[in-house]
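Chemist: Dropping in model-v7.txt, with compact mmCIF, C-alpha atoms and all ligand atoms.
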# COMPACT_ATOMS: atom_id res chain seq x y z
CA MET A 1 -119.78 19.54 99.73
CA GLU A 2 -119.98 15.79 99.84
CA ALA A 3 -117.52 13.92 97.68
CA ARG A 4 -119.17 11.48 95.27
CA VAL A 5 -117.42 8.21 94.80
CA SER A 6 -120.14 6.33 93.04
CA SER A 7 -118.73 6.81 89.55
CA GLY A 8 -115.49 5.17 90.68
CA LEU A 9 -117.24 2.14 92.04
CA GLN A 10 -115.13 -0.94 91.47
CA LEU A 11 -116.46 -4.44 91.85
CA PRO A 12 -113.99 -7.21 92.57
CA ASN A 13 -112.50 -8.37 89.27
CA TRP A 14 -113.50 -11.98 89.86
CA VAL A 15 -117.12 -10.89 89.48
CA SER A 16 -117.93 -11.47 85.83
CA THR A 17 -120.18 -8.85 84.32
CA GLU A 18 -120.87 -11.07 81.34
CA LYS A 19 -124.42 -12.27 81.12
CA ILE A 20 -124.68 -16.00 81.30
CA ALA A 21 -126.23 -17.78 78.38
CA ARG A 22 -129.98 -18.20 78.86
CA LYS A 23 -131.12 -21.76 79.24
CA PRO A 24 -134.17 -22.88 77.32
CA ALA A 25 -137.31 -22.55 79.40
CA GLY A 26 -139.21 -25.60 80.32
CA SER A 27 -137.68 -28.37 82.31
CA LEU A 28 -139.34 -28.27 85.69
CA GLN A 29 -139.97 -31.98 85.49
CA LEU A 30 -138.33 -33.36 88.58
CA PHE A 31 -139.14 -31.02 91.39
CA ARG A 32 -142.74 -30.32 90.36
CA LYS A 33 -143.51 -33.85 91.39
CA TYR A 34 -142.22 -33.21 94.84
CA VAL A 35 -143.78 -29.91 95.80
CA GLY A 36 -145.60 -30.94 98.94
CA GLN A 37 -147.64 -29.30 101.66
CA ARG A 38 -145.09 -29.83 104.32
CA LEU A 39 -141.70 -28.47 105.00
CA TYR A 40 -138.75 -30.19 103.39
CA HIS A 41 -140.56 -32.62 101.16
CA MET A 42 -137.96 -33.54 98.63
CA PRO A 43 -136.69 -36.45 96.57
CA VAL A 44 -134.15 -38.51 98.39
CA THR A 45 -131.28 -39.43 96.17
CA ARG A 46 -128.76 -40.44 98.74
CA CYS A 47 -128.69 -42.06 102.13
CA ALA A 48 -126.41 -41.04 104.95
CA ARG A 49 -126.25 -42.13 108.54
CA ALA A 50 -127.33 -39.45 110.96
CA LYS A 51 -124.53 -36.98 111.42
CA GLU A 52 -125.53 -34.32 113.91
CA ARG A 53 -123.39 -31.28 113.16
CA PHE A 54 -123.16 -28.77 115.92
CA HIS A 55 -122.31 -25.24 114.90
CA GLY A 56 -124.20 -23.87 117.86
CA PHE A 57 -127.43 -24.54 115.96
CA VAL A 58 -129.86 -27.42 115.96
CA THR A 59 -129.59 -29.40 112.73
CA LEU A 60 -132.35 -30.93 110.68
CA LYS A 61 -132.56 -34.60 109.88
CA VAL A 62 -134.71 -36.07 107.18
CA SER A 63 -135.65 -39.70 107.01
CA CYS A 64 -134.23 -41.59 104.11
CA VAL A 65 -136.77 -43.96 102.65
CA SER A 66 -135.22 -45.11 99.42
CA GLU A 67 -133.99 -43.82 96.11
CA ASN A 68 -136.39 -41.22 94.70
CA HIS A 69 -138.89 -41.36 97.54
CA LYS A 70 -140.22 -38.35 99.35
CA ALA A 71 -138.90 -37.56 102.79
CA SER A 72 -140.01 -35.00 105.30
CA VAL A 73 -138.27 -33.53 108.28
CA LEU A 74 -141.50 -33.96 110.18
CA GLU A 75 -141.22 -37.73 109.83
CA SER A 76 -137.60 -37.90 110.81
CA GLU A 77 -137.61 -38.97 114.43
CA SER A 78 -138.77 -42.54 113.93
CA SER A 79 -136.57 -43.43 110.99
CA PRO A 80 -133.39 -45.42 111.19
CA ALA A 81 -131.34 -43.54 108.63
CA PHE A 82 -131.07 -39.85 107.92
CA LEU A 83 -129.96 -37.16 105.57
CA ASP A 84 -128.48 -34.24 107.41
CA GLU A 85 -129.14 -30.67 106.38
CA SER A 86 -125.99 -30.32 104.31
CA ASP A 87 -127.22 -33.21 102.13
CA ILE A 88 -130.70 -31.70 101.94
CA ILE A 89 -129.52 -28.29 100.81
CA LYS A 90 -127.29 -29.79 98.15
CA SER A 91 -130.17 -31.79 96.75
CA LYS A 92 -132.62 -28.87 96.91
CA ALA A 93 -130.15 -26.48 95.28
CA GLU A 94 -129.57 -28.95 92.45
CA GLU A 95 -133.32 -29.04 91.81
CA VAL A 96 -133.92 -25.31 91.99
CA GLU A 97 -130.81 -23.97 90.24
CA PRO A 98 -131.72 -24.89 86.63
CA ASN A 99 -135.02 -23.06 87.00
CA LEU A 100 -133.43 -19.85 88.20
CA ASP A 101 -132.07 -19.34 84.71
CA GLY A 102 -129.11 -17.54 86.19
CA ARG A 103 -131.19 -14.96 88.05
CA SER A 104 -129.48 -13.57 91.12
CA LEU A 105 -130.94 -13.80 94.61
CA TYR A 106 -131.26 -10.64 96.73
CA LEU A 107 -131.61 -11.15 100.46
CA VAL A 108 -133.48 -8.37 102.22
CA GLY A 109 -134.44 -7.94 105.86
CA MET A 110 -133.67 -6.09 109.03
CA MET A 111 -130.18 -5.72 110.41
CA GLY A 112 -129.10 -9.02 111.94
CA SER A 113 -131.72 -11.08 110.09
CA GLY A 114 -128.99 -13.33 108.71
CA LYS A 115 -128.70 -11.99 105.14
CA THR A 116 -124.93 -12.44 105.16
CA THR A 117 -124.87 -15.75 107.02
CA VAL A 118 -127.73 -17.39 105.09
CA GLY A 119 -126.56 -15.76 101.85
CA ARG A 120 -123.19 -17.48 102.09
CA VAL A 121 -124.86 -20.85 102.62
CA LEU A 122 -127.16 -20.30 99.62
CA SER A 123 -124.33 -19.19 97.36
CA GLU A 124 -122.26 -22.22 98.22
CA ALA A 125 -125.16 -24.60 97.62
CA LEU A 126 -126.09 -23.00 94.29
CA ARG A 127 -122.46 -22.42 93.30
CA TYR A 128 -123.26 -18.74 92.86
CA SER A 129 -120.93 -15.90 93.86
CA PHE A 130 -121.73 -14.21 97.15
CA LEU A 131 -121.58 -10.42 97.39
CA ASP A 132 -122.27 -8.19 100.37
CA CYS A 133 -123.53 -4.70 99.45
CA ASP A 134 -122.10 -3.10 102.59
CA ALA A 135 -118.64 -4.50 101.80
CA LEU A 136 -118.85 -3.22 98.21
CA ILE A 137 -119.83 0.24 99.44
CA GLU A 138 -116.92 0.20 101.87
CA ASP A 139 -114.54 -0.70 99.02
CA ALA A 140 -116.00 2.02 96.83
CA VAL A 141 -115.44 4.62 99.55
CA GLY A 142 -111.78 3.67 99.82
CA GLY A 143 -111.99 1.21 102.65
CA SER A 144 -113.95 3.25 105.19
CA THR A 145 -116.32 1.21 107.32
CA VAL A 146 -120.08 1.69 107.13
CA ALA A 147 -119.96 3.40 110.54
CA GLU A 148 -117.26 5.80 109.30
CA ILE A 149 -119.17 6.55 106.10
CA PHE A 150 -122.29 7.46 108.10
CA LYS A 151 -120.23 9.63 110.43
CA LEU A 152 -118.12 11.40 107.80
CA HIS A 153 -120.57 11.72 104.90
CA GLY A 154 -124.05 11.10 106.31
CA GLU A 155 -126.74 8.56 105.55
CA SER A 156 -127.87 9.94 102.18
CA PHE A 157 -124.32 9.62 100.81
CA PHE A 158 -124.30 6.00 101.99
CA ARG A 159 -127.73 5.43 100.36
CA ASP A 160 -126.56 6.91 97.03
CA ASN A 161 -123.66 4.49 96.99
CA GLU A 162 -125.94 1.62 97.98
CA THR A 163 -128.14 2.39 94.96
CA GLU A 164 -125.09 2.59 92.69
CA VAL A 165 -123.87 -0.82 93.91
CA LEU A 166 -127.30 -2.41 93.36
CA LYS A 167 -127.46 -0.91 89.89
CA LYS A 168 -124.13 -2.52 88.96
CA LEU A 169 -125.11 -5.86 90.46
CA SER A 170 -128.43 -5.87 88.61
CA SER A 171 -126.66 -6.39 85.29
CA MET A 172 -124.98 -9.54 86.56
CA HIS A 173 -126.17 -13.07 87.03
CA GLN A 174 -125.66 -16.02 89.35
CA LEU A 175 -125.07 -13.90 92.44
CA VAL A 176 -126.39 -14.17 95.95
CA VAL A 177 -126.47 -10.61 97.27
CA SER A 178 -126.73 -9.64 100.91
CA THR A 179 -128.29 -6.16 100.85
CA GLY A 180 -128.17 -3.68 103.71
CA GLY A 181 -131.26 -3.57 105.93
CA GLY A 182 -132.32 -0.19 104.52
CA ALA A 183 -132.01 -1.04 100.82
CA VAL A 184 -135.74 -1.72 100.51
CA VAL A 185 -136.70 1.86 101.28
CA ARG A 186 -135.76 3.46 97.96
CA PRO A 187 -138.07 2.43 95.10
CA VAL A 188 -135.19 2.71 92.62
CA ASN A 189 -133.41 -0.09 94.48
CA TRP A 190 -136.38 -2.36 93.85
CA ARG A 191 -136.09 -1.67 90.13
CA HIS A 192 -132.58 -3.09 90.32
CA MET A 193 -133.45 -6.00 92.61
CA ARG A 194 -136.39 -7.02 90.41
CA LYS A 195 -133.85 -8.25 87.86
CA GLY A 196 -133.41 -11.15 90.23
CA ILE A 197 -135.45 -12.82 92.97
CA SER A 198 -135.78 -11.07 96.32
CA ILE A 199 -136.07 -13.00 99.58
CA TRP A 200 -137.18 -11.41 102.83
CA LEU A 201 -135.70 -13.01 105.94
CA ASP A 202 -138.46 -12.22 108.43
CA VAL A 203 -137.03 -12.63 111.92
CA PRO A 204 -138.78 -11.55 115.15
CA LEU A 205 -137.36 -8.31 116.55
CA GLU A 206 -136.52 -9.92 119.90
CA ALA A 207 -134.28 -12.44 118.13
CA LEU A 208 -132.65 -9.67 116.10
CA ALA A 209 -131.93 -7.68 119.25
CA ARG A 210 -130.37 -10.70 120.95
CA ARG A 211 -128.16 -11.46 117.93
CA ILE A 212 -127.07 -7.86 117.49
CA ILE A 213 -126.25 -7.34 121.16
CA ALA A 214 -124.14 -10.51 121.09
CA VAL A 215 -121.85 -8.93 118.45
CA GLY A 216 -122.24 -5.29 119.54
CA THR A 217 -123.85 -2.37 117.72
CA GLY A 218 -120.56 -0.69 116.72
CA SER A 219 -120.75 -1.63 113.04
CA ARG A 220 -124.44 -0.67 112.73
CA PRO A 221 -124.61 3.12 113.09
CA LEU A 222 -128.40 3.30 113.02
CA LEU A 223 -128.51 1.32 116.26
CA ASN A 224 -125.66 3.07 117.92
CA HIS A 225 -127.57 5.67 119.89
CA GLY A 226 -130.47 6.02 122.34
CA ASP A 227 -130.90 5.47 126.05
CA GLY A 228 -131.36 2.49 128.30
CA ASP A 229 -129.81 -0.92 128.65
CA PRO A 230 -128.53 -2.49 125.40
CA TYR A 231 -131.55 -4.76 124.90
CA THR A 232 -134.19 -2.06 125.50
CA LYS A 233 -132.30 0.46 123.39
CA THR A 234 -131.80 -1.94 120.50
CA MET A 235 -135.42 -3.14 120.62
CA LYS A 236 -136.67 0.43 120.51
CA ARG A 237 -134.58 1.33 117.47
CA LEU A 238 -135.43 -1.91 115.66
CA SER A 239 -139.15 -1.38 116.33
CA THR A 240 -139.04 2.15 114.92
CA LEU A 241 -137.16 1.00 111.83
CA PHE A 242 -139.49 -1.94 111.31
CA GLU A 243 -142.55 0.34 111.51
CA GLN A 244 -141.03 2.37 108.68
CA ARG A 245 -139.89 -0.60 106.59
CA GLY A 246 -142.21 -3.52 107.25
CA GLU A 247 -144.33 -2.92 104.17
CA ALA A 248 -141.30 -2.52 101.96
CA TYR A 249 -139.85 -5.87 103.07
CA ALA A 250 -143.20 -7.47 102.25
CA ASP A 251 -142.67 -6.43 98.61
CA ALA A 252 -140.04 -9.15 98.27
CA ASP A 253 -140.85 -12.03 95.92
CA VAL A 254 -140.44 -14.57 98.69
CA ARG A 255 -140.79 -14.42 102.47
CA VAL A 256 -139.01 -16.77 104.84
CA SER A 257 -140.67 -16.41 108.22
CA LEU A 258 -138.68 -17.85 111.09
CA GLU A 259 -141.78 -17.75 113.29
CA ASN A 260 -143.65 -19.95 110.80
CA MET A 261 -140.69 -22.31 110.55
CA ALA A 262 -140.45 -22.63 114.34
CA ALA A 263 -144.19 -23.32 114.58
CA LYS A 264 -144.01 -26.05 111.92
CA LEU A 265 -140.99 -27.64 113.50
CA GLY A 266 -142.50 -27.47 116.99
CA TYR A 267 -139.76 -25.21 118.37
CA GLU A 268 -140.55 -22.81 121.16
CA ASP A 269 -138.63 -19.98 119.56
CA VAL A 270 -136.53 -19.25 116.51
CA SER A 271 -133.13 -19.46 118.17
CA GLY A 272 -132.67 -23.14 117.27
CA ILE A 273 -133.18 -22.69 113.53
CA SER A 274 -129.87 -22.99 111.73
CA PRO A 275 -128.75 -20.84 108.78
CA THR A 276 -128.77 -23.96 106.59
CA ALA A 277 -132.38 -24.77 107.55
CA ILE A 278 -133.32 -21.19 106.67
CA ALA A 279 -131.50 -21.46 103.34
CA ILE A 280 -133.37 -24.71 102.59
CA GLU A 281 -136.68 -22.99 103.37
CA ALA A 282 -135.69 -20.12 101.06
CA LEU A 283 -135.04 -22.60 98.23
CA ILE A 284 -138.41 -24.26 98.85
CA GLN A 285 -140.17 -20.89 98.73
CA ILE A 286 -138.32 -19.99 95.51
CA GLU A 287 -139.40 -23.31 94.06
CA HIS A 288 -143.04 -22.48 94.90
CA LEU A 289 -142.64 -19.06 93.29
CA LEU A 290 -141.23 -20.52 90.10
CA THR A 291 -143.93 -23.16 89.77
CA LYS A 292 -146.87 -20.82 90.46
N1 LIG A 301 -130.03 -18.66 112.13
C1 LIG A 301 -129.29 -17.99 113.00
N2 LIG A 301 -129.34 -18.31 114.31
C2 LIG A 301 -128.60 -17.64 115.21
N3 LIG A 301 -127.76 -16.62 114.91
C3 LIG A 301 -127.68 -16.26 113.64
C4 LIG A 301 -128.43 -16.90 112.60
N4 LIG A 301 -128.14 -16.29 111.42
C5 LIG A 301 -127.26 -15.31 111.70
N5 LIG A 301 -126.96 -15.31 113.02
C6 LIG A 301 -126.05 -14.39 113.71
O1 LIG A 301 -126.66 -13.10 113.74
C7 LIG A 301 -125.70 -12.09 113.51
C8 LIG A 301 -126.13 -11.25 112.31
O2 LIG A 301 -126.12 -12.07 111.14
P1 LIG A 301 -125.78 -11.46 109.73
O3 LIG A 301 -125.76 -12.60 108.77
O4 LIG A 301 -124.56 -10.59 109.80
O5 LIG A 301 -127.07 -10.54 109.48
P2 LIG A 301 -127.30 -9.40 108.41
O6 LIG A 301 -126.34 -9.62 107.27
O7 LIG A 301 -128.72 -9.59 108.00
O8 LIG A 301 -127.10 -8.11 109.13
C9 LIG A 301 -124.36 -12.79 113.28
O9 LIG A 301 -123.65 -12.76 114.50
C10 LIG A 301 -124.75 -14.22 112.94
O10 LIG A 301 -123.81 -15.18 113.36
O1 LIG A 302 -130.80 -1.13 108.21
C1 LIG A 302 -130.02 -0.26 107.74
O2 LIG A 302 -130.42 0.85 107.33
C2 LIG A 302 -128.58 -0.58 107.61
C3 LIG A 302 -128.16 -1.88 107.67
C4 LIG A 302 -126.76 -2.27 107.60
O3 LIG A 302 -126.62 -3.54 106.96
P1 LIG A 302 -127.04 -4.92 107.66
O4 LIG A 302 -128.52 -5.11 107.46
O5 LIG A 302 -126.24 -5.94 106.90
O6 LIG A 302 -126.66 -4.85 109.09
C5 LIG A 302 -125.96 -1.23 106.83
O7 LIG A 302 -126.31 -1.22 105.48
C6 LIG A 302 -126.17 0.14 107.42
O8 LIG A 302 -125.70 0.11 108.75
C7 LIG A 302 -127.64 0.55 107.38
Would you write the structure of this file as structure tokens?
Ligand SMILES: Nc1ncnc2c1ncn2[C@@H]1O[C@H](COP(=O)(O)OP(=O)(O)O)[C@@H](O)[C@H]1O
Ligand SMILES: O=C(O)C1=C[C@@H](OP(=O)(O)O)[C@@H](O)[C@H](O)C1

Modeler:
Amino acid sequence: MEARVSSGLQLPNWVSTEKIARKPAGSLQLFRKYVGQRLYHMPVTRCARAKERFHGFVTLKVSCVSENHKASVLESESSPAFLDESDIIKSKAEEVEPNLDGRSLYLVGMMGSGKTTVGRVLSEALRYSFLDCDALIEDAVGGSTVAEIFKLHGESFFRDNETEVLKKLSSMHQLVVSTGGGAVVRPVNWRHMRKGISIWLDVPLEALARRIIAVGTGSRPLLNHGDGDPYTKTMKRLSTLFEQRGEAYADADVRVSLENMAAKLGYEDVSGISPTAIAIEALIQIEHLLTK
């Protein structure tokens, strides 16, 4: 019989389970003015000389016009002074955070879509705590890795623990949560995630396969079998999983499509879009959701 560990689930003790005090509803004043048609319209509060930061990703630059004027990444090339993306995300997070009212953000999407990477960037910008569901499940099961849990106990045991973790997290606030790629499949998980705002990172399967192969499939047991070369094998598994899950991802409150971002930015593919740019787009989409 399978051992159940869910009742012994421990969250790190720095995660406060106290609900934060609710802020009075209302003050959307500043950012409403700046919701524009184009990507990255935002008030410019600070100027900085262009500082290209290379983390292996292309960075965004936004022209700096003057205090409290709109700027757009699409206008950036001809301008003499720039805000780089770390300035942009700070400014956007400051605008959006008061309107979240402490609600947590749940990142959903396929394996390798960047939930952990983008989630960390978002949590830092919003000054929220970052939690990774897979890591919490591993802790709950006494330190076994996800791959070991699948092997020793099976997928449904893993899924039960995933649900238990989401249930605990749903009573907390000011978190950015990176969920596992399969969390969207169980309706009960949505009940928990609906306590916050869910964000689907929609990344083309080819890009997912390339990212996953670069780090290896060892830690992702659902990709760790099949025939063929690594790319073909991974693409096949991802395609099957996406057929089963595509509709469930689309139930998220907000969708961040890397294909749409690349098209707007004039990039040939999504590989040049940095995690920070994706986090900025997520904040913009959340802002749209909250002002609907
Ligand atoms: N925007 C991006 N561009 C290129 N690689 C990325 C990007 N975001 C994440 N990655 C890489 O893809 C891999 C999977 O990212 P990760 O955040 O672990 O995804 P998930 O948590 O959704 O499984 C990691 O190696 C990460 O560095
Ligand atoms: O798609 C899935 O079913 C899974 C995704 C994984 O998380 P990531 O999406 O963080 O890789 C992990 O939860 C487990 O291997 C199952």

Chemist: Give the residue list for ligand LIG 301 (chain A) at 10 Å, counting all atoms listed in the file, as number ranges by chain, sorted by chain and then by residue number.

Modeler: A: 55-58, 107-120, 132-134, 178-181, 201, 203, 207-216, 219-220, 258, 270-279

Chemist: Dump C-alpha atoms for the selected residues as a short mmCIF file (atom, residue, chain, number, x, y, z; two decimals), keeping the file's coordinate frame?

Modeler:
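Dumped everything to selection_25.cif:
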data_model
loop_
_atom_site.label_atom_id
_atom_site.label_comp_id
_atom_site.auth_asym_id
_atom_site.auth_seq_id
_atom_site.Cartn_x
_atom_site.Cartn_y
_atom_site.Cartn_z
CA HIS A 55 -122.31 -25.24 114.90
CA GLY A 56 -124.20 -23.87 117.86
CA PHE A 57 -127.43 -24.54 115.96
CA VAL A 58 -129.86 -27.42 115.96
CA LEU A 107 -131.61 -11.15 100.46
CA VAL A 108 -133.48 -8.37 102.22
CA GLY A 109 -134.44 -7.94 105.86
CA MET A 110 -133.67 -6.09 109.03
CA MET A 111 -130.18 -5.72 110.41
CA GLY A 112 -129.10 -9.02 111.94
CA SER A 113 -131.72 -11.08 110.09
CA GLY A 114 -128.99 -13.33 108.71
CA LYS A 115 -128.70 -11.99 105.14
CA THR A 116 -124.93 -12.44 105.16
CA THR A 117 -124.87 -15.75 107.02
CA VAL A 118 -127.73 -17.39 105.09
CA GLY A 119 -126.56 -15.76 101.85
CA ARG A 120 -123.19 -17.48 102.09
CA ASP A 132 -122.27 -8.19 100.37
CA CYS A 133 -123.53 -4.70 99.45
CA ASP A 134 -122.10 -3.10 102.59
CA SER A 178 -126.73 -9.64 100.91
CA THR A 179 -128.29 -6.16 100.85
CA GLY A 180 -128.17 -3.68 103.71
CA GLY A 181 -131.26 -3.57 105.93
CA LEU A 201 -135.70 -13.01 105.94
CA VAL A 203 -137.03 -12.63 111.92
CA ALA A 207 -134.28 -12.44 118.13
CA LEU A 208 -132.65 -9.67 116.10
CA ALA A 209 -131.93 -7.68 119.25
CA ARG A 210 -130.37 -10.70 120.95
CA ARG A 211 -128.16 -11.46 117.93
CA ILE A 212 -127.07 -7.86 117.49
CA ILE A 213 -126.25 -7.34 121.16
CA ALA A 214 -124.14 -10.51 121.09
CA VAL A 215 -121.85 -8.93 118.45
CA GLY A 216 -122.24 -5.29 119.54
CA SER A 219 -120.75 -1.63 113.04
CA ARG A 220 -124.44 -0.67 112.73
CA LEU A 258 -138.68 -17.85 111.09
CA VAL A 270 -136.53 -19.25 116.51
CA SER A 271 -133.13 -19.46 118.17
CA GLY A 272 -132.67 -23.14 117.27
CA ILE A 273 -133.18 -22.69 113.53
CA SER A 274 -129.87 -22.99 111.73
CA PRO A 275 -128.75 -20.84 108.78
CA THR A 276 -128.77 -23.96 106.59
CA ALA A 277 -132.38 -24.77 107.55
CA ILE A 278 -133.32 -21.19 106.67
CA ALA A 279 -131.50 -21.46 103.34
#

Chemist: For A:Glu94, list every protein, DNA or RNA residue within 10 Å, evaluated using all atoms listed in the file, and leave out those in the same chain fewer than 3 positions away; present the list as a list in words.

Modeler: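 Contacts, in chain order: Phe31, Ile88, Ile89, Lys90, Ser91, Glu97, Pro98, Asn99, Ala125, Leu126 and Arg127 of chain A.
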
Chemist: Hey, can you check how far atom CA of A:Asp269 sits from atom CA of A:Pro204?

Modeler: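 Separation between atom CA of A:Asp269 and atom CA of A:Pro204: 9.5 Å.
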
Chemist: Give the answer as one residue: which of A:Glu155, A:Asp84, A:Asp160, A:Glu95 has the shortest atom-to-atom distance to A:Leu283, using only C-alpha atoms?

Modeler: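 Using only C-alpha atoms, A:Leu283 sits closest to A:Glu95.
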
Chemist: Within 10 Å of (-128.4, -6.7, 96.8) (file coordinates; all atoms listed in the file), which protein or nucleic acid residues are there? I'd like them as number ranges by chain.

Modeler: A: 104-108, 115, 131-134, 162-163, 165-170, 175-180, 183-184, 189-190, 192-193, 196, 198

Chemist: Considering all atoms listed in the file, can you say which of A:Ile280, A:Ala93, A:Ala135, A:Val254 comes closest to ligand LIG 302 (chain A)?

Modeler: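 Nearest candidate to ligand LIG 302 (chain A) out of A:Ile280, A:Ala93, A:Ala135, A:Val254: A:Ala135.
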
Chemist: Taking the partial coordinates given, rebuild stretch 130-146 of chain A to contain N, CA and C atoms; return it as a PDB file, in the coordinates of the input.

Modeler:
ATOM      1  N   PHE A 130    -121.099 -14.972  96.070  1.00  0.00           N
ATOM      2  CA  PHE A 130    -121.730 -14.210  97.150  1.00  0.00           C
ATOM      3  C   PHE A 130    -121.165 -12.800  97.182  1.00  0.00           C
ATOM      4  N   LEU A 131    -122.038 -11.806  97.247  1.00  0.00           N
ATOM      5  CA  LEU A 131    -121.580 -10.420  97.390  1.00  0.00           C
ATOM      6  C   LEU A 131    -122.364  -9.716  98.479  1.00  0.00           C
ATOM      7  N   ASP A 132    -121.657  -8.927  99.271  1.00  0.00           N
ATOM      8  CA  ASP A 132    -122.270  -8.190 100.370  1.00  0.00           C
ATOM      9  C   ASP A 132    -122.253  -6.706  99.996  1.00  0.00           C
ATOM     10  N   CYS A 133    -123.442  -6.111  99.880  1.00  0.00           N
ATOM     11  CA  CYS A 133    -123.530  -4.700  99.450  1.00  0.00           C
ATOM     12  C   CYS A 133    -122.716  -3.779 100.356  1.00  0.00           C
ATOM     13  N   ASP A 134    -122.833  -3.985 101.664  1.00  0.00           N
ATOM     14  CA  ASP A 134    -122.100  -3.100 102.590  1.00  0.00           C
ATOM     15  C   ASP A 134    -120.594  -3.148 102.304  1.00  0.00           C
ATOM     16  N   ALA A 135    -120.086  -4.361 102.063  1.00  0.00           N
ATOM     17  CA  ALA A 135    -118.640  -4.500 101.800  1.00  0.00           C
ATOM     18  C   ALA A 135    -118.269  -3.798 100.494  1.00  0.00           C
ATOM     19  N   LEU A 136    -119.142  -3.886  99.487  1.00  0.00           N
ATOM     20  CA  LEU A 136    -118.850  -3.220  98.210  1.00  0.00           C
ATOM     21  C   LEU A 136    -118.873  -1.699  98.359  1.00  0.00           C
ATOM     22  N   ILE A 137    -119.782  -1.213  99.196  1.00  0.00           N
ATOM     23  CA  ILE A 137    -119.830   0.240  99.440  1.00  0.00           C
ATOM     24  C   ILE A 137    -118.549   0.671 100.162  1.00  0.00           C
ATOM     25  N   GLU A 138    -118.151  -0.124 101.132  1.00  0.00           N
ATOM     26  CA  GLU A 138    -116.920   0.200 101.870  1.00  0.00           C
ATOM     27  C   GLU A 138    -115.720   0.255 100.925  1.00  0.00           C
ATOM     28  N   ASP A 139    -115.636  -0.709 100.008  1.00  0.00           N
ATOM     29  CA  ASP A 139    -114.540  -0.700  99.020  1.00  0.00           C
ATOM     30  C   ASP A 139    -114.604   0.551  98.164  1.00  0.00           C
ATOM     31  N   ALA A 140    -115.832   0.873  97.734  1.00  0.00           N
ATOM     32  CA  ALA A 140    -116.000   2.020  96.830  1.00  0.00           C
ATOM     33  C   ALA A 140    -115.585   3.329  97.500  1.00  0.00           C
ATOM     34  N   VAL A 141    -115.765   3.385  98.819  1.00  0.00           N
ATOM     35  CA  VAL A 141    -115.440   4.620  99.550  1.00  0.00           C
ATOM     36  C   VAL A 141    -114.010   4.521 100.103  1.00  0.00           C
ATOM     37  N   GLY A 142    -113.207   3.707  99.472  1.00  0.00           N
ATOM     38  CA  GLY A 142    -111.780   3.670  99.820  1.00  0.00           C
ATOM     39  C   GLY A 142    -111.473   2.968 101.119  1.00  0.00           C
ATOM     40  N   GLY A 143    -112.320   2.035 101.487  1.00  0.00           N
ATOM     41  CA  GLY A 143    -111.990   1.210 102.650  1.00  0.00           C
ATOM     42  C   GLY A 143    -112.559   1.714 103.967  1.00  0.00           C
ATOM     43  N   SER A 144    -113.314   2.810 103.938  1.00  0.00           N
ATOM     44  CA  SER A 144    -113.950   3.250 105.190  1.00  0.00           C
ATOM     45  C   SER A 144    -115.038   2.255 105.578  1.00  0.00           C
ATOM     46  N   THR A 145    -115.253   2.115 106.877  1.00  0.00           N
ATOM     47  CA  THR A 145    -116.320   1.210 107.320  1.00  0.00           C
ATOM     48  C   THR A 145    -117.673   1.910 107.162  1.00  0.00           C
ATOM     49  N   VAL A 146    -118.736   1.111 107.216  1.00  0.00           N
ATOM     50  CA  VAL A 146    -120.080   1.690 107.130  1.00  0.00           C
ATOM     51  C   VAL A 146    -120.259   2.755 108.218  1.00  0.00           C
TER      52      VAL A 146
END
